[in-house]
Each structure stands twice: as C-alpha cells, then as structure tokens.
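Here is the file final_27.pdb (PDB, C-alpha atoms).
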ATOM      1  CA  VAL A 182       9.066 -16.726  -5.807
ATOM      2  CA  ASP A 183       8.470 -20.477  -5.566
ATOM      3  CA  LEU A 184       5.865 -20.946  -2.839
ATOM      4  CA  LYS A 185       7.347 -24.219  -1.551
ATOM      5  CA  THR A 186      11.039 -23.361  -1.547
ATOM      6  CA  GLY A 187      11.310 -19.561  -1.524
ATOM      7  CA  LYS A 188      13.548 -19.699  -4.591
ATOM      8  CA  LYS A 189      13.376 -16.608  -6.809
ATOM      9  CA  LEU A 190      11.951 -17.589 -10.197
ATOM     10  CA  TRP A 191      12.298 -14.225 -11.907
ATOM     11  CA  GLN A 192      12.825 -10.528 -11.286
ATOM     12  CA  GLY A 193      11.235  -7.983 -13.587
ATOM     13  CA  GLY A 194      11.886  -4.342 -14.314
ATOM     14  CA  THR A 195      14.432  -1.907 -12.939
ATOM     15  CA  ASP A 196      12.166   0.583 -11.137
ATOM     16  CA  GLY A 197      12.298   0.905  -7.381
ATOM     17  CA  ALA A 198       9.537  -0.532  -5.230
ATOM     18  CA  GLY A 199       6.408   1.416  -4.429
ATOM     19  CA  TYR A 200       3.901   0.760  -1.670
ATOM     20  CA  GLY A 201       1.262  -1.087  -3.689
ATOM     21  CA  TRP A 202       1.353  -4.526  -5.251
ATOM     22  CA  PRO A 203       0.794  -5.922  -8.757
ATOM     23  CA  ILE A 204      -2.689  -7.023  -9.762
ATOM     24  CA  PRO A 205      -3.558  -9.581 -12.472
ATOM     25  CA  ILE A 206      -5.360  -8.182 -15.517
ATOM     26  CA  ARG A 207      -6.424  -9.454 -18.942
ATOM     27  CA  VAL A 208      -5.383  -7.492 -22.024
ATOM     28  CA  GLU A 209      -7.452  -9.209 -24.706
ATOM     29  CA  ASP A 210      -6.348 -12.862 -24.385
ATOM     30  CA  GLN A 211      -3.153 -12.234 -22.383
ATOM     31  CA  THR A 212      -2.788 -12.290 -18.611
ATOM     32  CA  GLN A 213      -0.531  -9.533 -17.267
ATOM     33  CA  PHE A 214       0.522  -8.054 -13.950
ATOM     34  CA  LEU A 215      -0.365  -4.370 -13.638
ATOM     35  CA  TYR A 216       2.023  -2.493 -11.345
ATOM     36  CA  TRP A 217       2.520   1.155 -10.391
ATOM     37  CA  SER A 218       6.104   1.956  -9.435
ATOM     38  CA  PRO A 219       7.358   5.381  -8.287
ATOM     39  CA  GLU A 220       8.465   5.935 -11.897
ATOM     40  CA  ASN A 221       6.007   4.219 -14.261
ATOM     41  CA  LEU A 222       2.779   2.372 -14.733
ATOM     42  CA  LEU A 223       3.887  -1.081 -15.956
ATOM     43  CA  GLY A 224       2.591  -4.276 -17.486
ATOM     44  CA  PHE A 225       4.553  -7.475 -16.728
ATOM     45  CA  ASP A 226       4.457 -10.939 -18.243
ATOM     46  CA  PRO A 227       3.692 -13.147 -15.200
ATOM     47  CA  ARG A 228       5.579 -16.085 -16.738
ATOM     48  CA  ASN A 229       9.010 -14.459 -16.818
ATOM     49  CA  GLY A 230       8.812 -10.869 -15.521
ATOM     50  CA  LYS A 231       9.315  -9.267 -18.933
ATOM     51  CA  VAL A 232       8.087  -5.669 -19.114
ATOM     52  CA  LEU A 233       5.400  -5.673 -21.803
ATOM     53  CA  TRP A 234       4.652  -1.958 -21.688
ATOM     54  CA  SER A 235       5.233   1.132 -19.571
ATOM     55  CA  TYR A 236       3.776   4.600 -19.166
ATOM     56  CA  PRO A 237       5.765   7.278 -17.318
ATOM     57  CA  TYR A 238       4.250   8.704 -14.140
ATOM     58  CA  LYS A 239       6.896   9.723 -11.625
ATOM     59  CA  VAL A 240       5.647  10.591  -8.139
ATOM     60  CA  LYS A 241       7.333  12.523  -5.326
ATOM     61  CA  TYR A 242       8.919  10.594  -2.457
ATOM     62  CA  GLY A 243       7.975   7.270  -4.075
ATOM     63  CA  VAL A 244       4.383   7.412  -2.808
ATOM     64  CA  SER A 245       2.769   5.182  -5.416
ATOM     65  CA  ILE A 246       0.487   3.805  -2.725
ATOM     66  CA  ALA A 247      -3.105   3.110  -3.789
ATOM     67  CA  THR A 248      -3.485  -0.164  -5.669
ATOM     68  CA  PRO A 249      -4.281   0.410  -9.365
ATOM     69  CA  ILE A 250      -7.640  -0.613 -10.769
ATOM     70  CA  TYR A 251      -8.394  -2.100 -14.181
ATOM     71  CA  HIS A 252     -11.841  -2.184 -15.793
ATOM     72  CA  GLU A 253     -13.172  -1.831 -19.334
ATOM     73  CA  GLY A 254      -9.617  -2.273 -20.642
ATOM     74  CA  ILE A 255      -8.464   0.826 -18.742
ATOM     75  CA  ALA A 256      -5.617   0.913 -16.212
ATOM     76  CA  TYR A 257      -6.022   3.701 -13.661
ATOM     77  CA  VAL A 258      -3.910   5.218 -10.870
ATOM     78  CA  ALA A 259      -4.232   8.360  -8.762
ATOM     79  CA  GLY A 260      -1.285  10.250  -7.273
ATOM     80  CA  TYR A 261      -1.254  12.669  -4.350
ATOM     81  CA  TRP A 262       0.494  15.606  -6.052
ATOM     82  CA  ASN A 263      -0.061  15.117  -9.780
ATOM     83  CA  GLY A 264      -3.548  13.715 -10.180
ATOM     84  CA  SER A 265      -4.838  10.754 -12.145
ATOM     85  CA  ARG A 266      -3.757   8.788 -15.193
ATOM     86  CA  ALA A 267      -6.028   6.509 -17.210
ATOM     87  CA  VAL A 268      -4.335   4.481 -19.946
ATOM     88  CA  MET A 269      -5.396   1.661 -22.239
ATOM     89  CA  PRO A 270      -2.790  -1.079 -22.809
ATOM     90  CA  GLU A 271      -2.826  -2.554 -26.299
ATOM     91  CA  PRO A 272      -1.304  -5.918 -27.283
ATOM     92  CA  GLY A 273       2.119  -5.648 -28.878
ATOM     93  CA  LYS A 274       2.573  -1.951 -28.077
ATOM     94  CA  ASP A 275       5.279  -0.728 -25.705
ATOM     95  CA  THR A 276       3.331   2.367 -24.659
ATOM     96  CA  PRO A 277      -0.375   2.326 -23.762
ATOM     97  CA  ARG A 278      -2.766   4.928 -25.090
ATOM     98  CA  LEU A 279      -3.478   7.814 -22.699
ATOM     99  CA  LEU A 280      -7.240   8.271 -22.400
ATOM    100  CA  TRP A 281      -7.228  11.175 -19.964
ATOM    101  CA  GLU A 282      -5.277  12.715 -17.112
ATOM    102  CA  THR A 283      -5.643  15.324 -14.376
ATOM    103  CA  LYS A 284      -3.097  17.493 -12.619
ATOM    104  CA  ASP A 285      -4.835  19.227  -9.714
ATOM    105  CA  THR A 286      -8.003  17.159  -9.266
ATOM    106  CA  LEU A 287      -8.652  13.490  -8.482
ATOM    107  CA  CYS A 288      -5.490  13.307  -6.361
ATOM    108  CA  GLY A 289      -5.586  10.070  -4.370
ATOM    109  CA  LEU A 290      -3.275   8.949  -1.586
ATOM    110  CA  MET A 291      -3.747   5.565   0.125
ATOM    111  CA  ALA A 292      -7.279   4.279  -0.439
ATOM    112  CA  GLN A 293      -7.860   2.102  -3.502
ATOM    113  CA  PRO A 294     -10.633   3.639  -5.621
ATOM    114  CA  LEU A 295     -13.939   1.800  -5.968
ATOM    115  CA  TYR A 296     -15.439   0.977  -9.370
ATOM    116  CA  ARG A 297     -19.049   0.157 -10.188
ATOM    117  CA  ASP A 298     -20.938   0.357 -13.505
ATOM    118  CA  GLY A 299     -18.643   2.797 -15.278
ATOM    119  CA  VAL A 300     -18.189   5.137 -12.301
ATOM    120  CA  VAL A 301     -15.223   5.396  -9.908
ATOM    121  CA  TYR A 302     -15.281   6.679  -6.332
ATOM    122  CA  LEU A 303     -11.951   8.143  -5.183
ATOM    123  CA  MET A 304     -10.737   9.730  -1.958
ATOM    124  CA  ASP A 305      -9.309  13.052  -3.179
ATOM    125  CA  ARG A 306      -6.814  14.831  -0.928
ATOM    126  CA  ARG A 307      -8.615  18.179  -1.085
ATOM    127  CA  THR A 308     -12.327  17.434  -1.335
ATOM    128  CA  GLY A 309     -12.826  13.910   0.022
ATOM    129  CA  VAL A 310     -14.719  11.300  -1.963
ATOM    130  CA  ASN A 311     -15.265  12.190  -5.625
ATOM    131  CA  ALA A 312     -17.378  10.279  -8.126
ATOM    132  CA  PHE A 313     -16.304  10.419 -11.762
ATOM    133  CA  GLU A 314     -16.913   8.774 -15.111
ATOM    134  CA  PHE A 315     -14.233   6.170 -15.627
ATOM    135  CA  LYS A 316     -13.864   6.626 -19.386
ATOM    136  CA  THR A 317     -13.628  10.419 -19.338
ATOM    137  CA  GLY A 318     -12.590  11.565 -15.847
ATOM    138  CA  LYS A 319     -15.637  13.847 -15.664
ATOM    139  CA  ILE A 320     -16.393  14.556 -11.996
ATOM    140  CA  LEU A 321     -20.017  13.854 -11.065
ATOM    141  CA  TRP A 322     -19.990  14.922  -7.414
ATOM    142  CA  LYS A 323     -17.774  15.662  -4.402
ATOM    143  CA  THR A 324     -18.466  15.069  -0.710
ATOM    144  CA  ASN A 325     -16.378  17.984   0.577
ATOM    145  CA  ASN A 326     -14.785  15.931   3.367
ATOM    146  CA  GLN A 327     -17.990  14.511   4.824
ATOM    147  CA  TYR A 328     -16.511  11.091   5.483
ATOM    148  CA  GLU A 329     -13.019  11.972   6.678
ATOM    149  CA  PRO A 330     -11.362  14.866   8.539
ATOM    150  CA  GLU A 331     -10.382  17.817   6.399
ATOM    151  CA  ASN A 332      -6.634  18.010   6.871
ATOM    152  CA  ARG A 333      -3.321  17.635   5.067
ATOM    153  CA  ASN A 334      -3.748  13.892   4.481
ATOM    154  CA  PRO A 335      -7.428  12.937   4.496
ATOM    155  CA  GLN A 336      -7.884   9.187   4.643
ATOM    156  CA  ALA A 337     -10.670   6.636   4.679
ATOM    157  CA  THR A 338     -10.580   3.101   3.330
ATOM    158  CA  MET A 339     -13.590   2.052   1.264
ATOM    159  CA  VAL A 340     -15.171  -1.318   0.396
ATOM    160  CA  TRP A 341     -18.415  -2.262  -1.301
ATOM    161  CA  VAL A 342     -20.992  -4.148   0.730
ATOM    162  CA  GLY A 343     -21.598  -7.077  -1.622
ATOM    163  CA  GLN A 344     -23.367  -6.118  -4.831
ATOM    164  CA  THR A 345     -25.298  -3.266  -3.248
ATOM    165  CA  LYS A 346     -24.744   0.486  -3.523
ATOM    166  CA  ARG A 347     -23.625   0.536   0.095
ATOM    167  CA  VAL A 348     -20.043   1.241   1.139
ATOM    168  CA  LEU A 349     -18.198   0.779   4.425
ATOM    169  CA  LEU A 350     -15.599   3.432   5.183
ATOM    170  CA  LEU A 351     -13.102   3.444   8.053
ATOM    171  CA  ASN A 352     -11.680   6.936   8.380
ATOM    172  CA  SER A 353      -8.483   8.129  10.039
ATOM    173  CA  LEU A 354     -10.384   9.061  13.219
ATOM    174  CA  GLY A 355     -11.372   5.408  13.645
ATOM    175  CA  GLU A 356     -15.009   5.970  12.668
ATOM    176  CA  LEU A 357     -16.754   3.177  10.765
ATOM    177  CA  ILE A 358     -19.286   4.697   8.372
ATOM    178  CA  LEU A 359     -21.992   3.048   6.320
ATOM    179  CA  ALA A 360     -22.919   5.084   3.250
ATOM    180  CA  GLU A 361     -24.563   4.699  -0.125
ATOM    181  CA  PHE A 362     -22.776   5.736  -3.344
ATOM    182  CA  SER A 363     -24.299   6.026  -6.802
ATOM    183  CA  PRO A 364     -23.685   8.171  -9.895
ATOM    184  CA  ALA A 365     -26.504  10.431  -8.724
ATOM    185  CA  GLY A 366     -25.048  11.164  -5.299
ATOM    186  CA  HIS A 367     -24.165   9.853  -1.838
ATOM    187  CA  LYS A 368     -25.915   9.389   1.504
ATOM    188  CA  GLU A 369     -24.548   8.644   4.955
ATOM    189  CA  ILE A 370     -26.544   5.954   6.755
ATOM    190  CA  SER A 371     -24.709   5.436  10.053
ATOM    191  CA  ARG A 372     -21.446   6.191  11.852
ATOM    192  CA  GLY A 373     -19.751   4.780  14.953
ATOM    193  CA  GLN A 374     -16.361   4.921  16.666
ATOM    194  CA  ILE A 375     -14.627   1.529  16.676
ATOM    195  CA  ILE A 376     -10.958   2.430  17.312
ATOM    196  CA  GLY A 377      -8.613   5.379  17.784
ATOM    197  CA  LYS A 378      -6.749   7.246  15.076
ATOM    198  CA  THR A 379      -5.580   4.938  12.294
ATOM    199  CA  TRP A 380      -4.315   4.888   8.721
ATOM    200  CA  ALA A 381      -4.155   1.106   8.542
ATOM    201  CA  HIS A 382      -6.441  -0.687   6.123
ATOM    202  CA  PRO A 383      -8.868  -2.953   7.999
ATOM    203  CA  ALA A 384      -9.585  -6.570   7.157
ATOM    204  CA  TYR A 385     -13.090  -7.916   6.599
ATOM    205  CA  ALA A 386     -13.743 -11.608   7.304
ATOM    206  CA  GLY A 387     -17.064 -13.334   7.837
ATOM    207  CA  ASP A 388     -19.231 -11.056   9.948
ATOM    208  CA  SER A 389     -16.382  -9.018  11.406
ATOM    209  CA  ILE A 390     -14.062  -6.124  10.710
ATOM    210  CA  TYR A 391     -10.531  -6.209  12.142
ATOM    211  CA  ALA A 392      -8.959  -2.781  12.614
ATOM    212  CA  ARG A 393      -5.740  -1.618  14.225
ATOM    213  CA  SER A 394      -4.156   1.571  15.471
ATOM    214  CA  ASP A 395      -0.702   2.190  16.923
ATOM    215  CA  ARG A 396      -2.025   0.952  20.274
ATOM    216  CA  GLU A 397      -4.535  -1.835  19.707
ATOM    217  CA  ILE A 398      -6.287  -4.298  17.417
ATOM    218  CA  VAL A 399     -10.057  -4.680  17.580
ATOM    219  CA  ARG A 400     -12.605  -7.098  16.166
ATOM    220  CA  VAL A 401     -16.027  -5.545  15.627
ATOM    221  CA  PRO A 402     -19.178  -7.092  14.107
ATOM    222  CA  VAL A 403     -19.931  -5.666  10.669
ATOM    223  CA  PRO A 404     -23.160  -3.650  10.961
ATOM    224  CA  VAL A 405     -24.644  -4.964   7.703
ATOM    225  CA  LYS A 406     -25.044  -8.276   5.887
ATOM    226  CA  TYR A 407     -23.245  -8.830   2.597
TER
END
Starting from the coordinates I provided, produce the structure as structure tokens.
Amino acid sequence: VDLKTGKKLWQGGTDGAGYGWPIPIRVEDQTQFLYWSPENLLGFDPRNGKVLWSYPYKVKYGVSIATPIYHEGIAYVAGYWNGSRAVMPEPGKDTPRLLWETKDTLCGLMAQPLYRDGVVYLMDRRTGVNAFEFKTGKILWKTNNQYEPENRNPQATMVWVGQTKRVLLLNSLGELILAEFSPAGHKEISRGQIIGKTWAHPAYAGDSIYARSDREIVRVPVPVKY
C-alpha cells in the first residue's frame, strides 16, 4: 500500500490471512518477505508480491500466530497442534529444503520465539519454555511451566534485555518476570504483578513497559537497564 495515498500497489498470493505479519529477510543477495499463512510458509518478492517459494504447513482454525524467525538462512515457525518446521529457502527454487520438523514437541502458540547464538527459546504449549538447537531441533532443556500457568493455552511474551542473557516475560497472569536464558539452562531473577490476566503483547519504549488487559492499560517502569 502506498503510504501517502493508501493506494494498493500489489497483492500477492492466494492464501487466507493468518494472525502474524511478513518479515523482511535476505536469501543470499535477494530481499524477500517471509510470511506464514494458515496454509503455507511463503517467500514473497517485496517489489511486486510474486510468490518466490512456498512450503506447505496447514494449521487448524487458521492459527498461524507467532511471527516467524529467520537466522542462519533458516526460516522457522511453530504451530500449536503440529509442531515446528525449519526450512532453508534457496534462490531460484520453488520449494525450500526441509531441515527438520516436529509433530508433538516444540508446539508454539502466540509468543514469537527468541534466537541467540544458534539456540532458540520457544514457549511450548505443554512444557513451557524450551531451549533447542536451531539447526537440528535438539531440545536442550525445558522449564516445565515455571514462567507461565500450566493450562490449555500457556502464554508468556518474551523479549531480550539488550545484548545480555536476560529476558523479560509477561505471562497470562499479568506477572512480569526477569529471567536469564542460556544454552546451559535458565534462572528466574525476579517476578512482580503489573496487571490482571492478559494475552496481549506488551510494548517496550524507553524505560517503560505498556501492558493491557480487557479492563485497563498500565505503564510500568522496566526493572532493568538495556
């Protein structure tokens, strides 16, 4: 869409809309948009909307929610019912190469996974945060629902604190948690209630976190410096 006029410049693909949004990636020397629809994982040409490649991954009820991540040439998504897919797009090929997949483990829902130094940290629907090797899918550790309530839809958003090993999590109970994640393990540092029950992703700006529930919006000082 043209930013100044609102005119539609192009429309790409025929899949229905999911919950997430496209992210820009580089496949060798080409910029692409990586998008996860309810039907496929897709690569778009940002100049004209042409579908450059696709990989089938149909999800129930259209819940392609968590934003994909792309590192080391690998595009990765995690679905609630059917696990993870890690594919490697290759220039000029309509179908990317599947590196690995899971069916019953590494099942994400809403929180975008975190990546750092070859390891990904994902909120799994059964066991909470899992750490795994990005290139292989090998699980390194599980938190067993330490950071979020153990229920049908466990949820906690996660963001890195700058370039440190520290992570801020806001769980569905409205608890803001400061923790430390590394390939070797995890450690909770502090926890405090900042709002009521929420699934909404917070916003971080300056020295504050903005969070909302169905009843209120709050601004709370971030407990750490970036």
Evaluate the PyMOL selection byres ((chain A and resi 209-225) around 7) and report residues as an MDAnalysis selection string: chainID A and resid 196:199 202:208 226:227 230:240 243:245 249
Please report as a tab-separated table every residue of range 354-390 of chain A lying within 12 Å of range 339-345 of chain A, along with the nearest atom pair and their distance in Å (one decimal), using only C-alpha atoms.
residue	atom	partner	partner_atom	distance
A:Leu357	CA	A:Met339	CA	10.1
A:Ile358	CA	A:Met339	CA	9.5
A:Leu359	CA	A:Val342	CA	9.2
A:Ala360	CA	A:Trp341	CA	9.7
A:Glu361	CA	A:Thr345	CA	8.6
A:Phe362	CA	A:Trp341	CA	9.3
A:Ser363	CA	A:Thr345	CA	10.0
A:Ala381	CA	A:Met339	CA	12.0
A:His382	CA	A:Met339	CA	9.1
A:Pro383	CA	A:Met339	CA	9.6
A:Ala384	CA	A:Val340	CA	10.2
A:Tyr385	CA	A:Val340	CA	9.3
A:Asp388	CA	A:Val342	CA	11.7
A:Ile390	CA	A:Val340	CA	11.4
Let me know the residues the PyMOL selection byres ((chain A and resi 396-399) around 10) catches in the file above, as an MDAnalysis selection string. chainID A and resid 375:379 383 389:395 400:401
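With only C-alpha atoms as the atoms that count, the residue of A:Thr308, A:Asn326, A:Asn263, A:Thr338 with the shortest distance to Gln293 in chain A is A:Thr338.
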**Message:** as a PyMOL selection string, please: the residues near range 297-302 of chain A (cut-off 12 Å, all atoms listed in the file, same-chain neighbours under 5 positions excluded).
**Reply:** chain A and resi 250-255+257-259+265+267+287-289+292+309-324+337-348+350+361-367
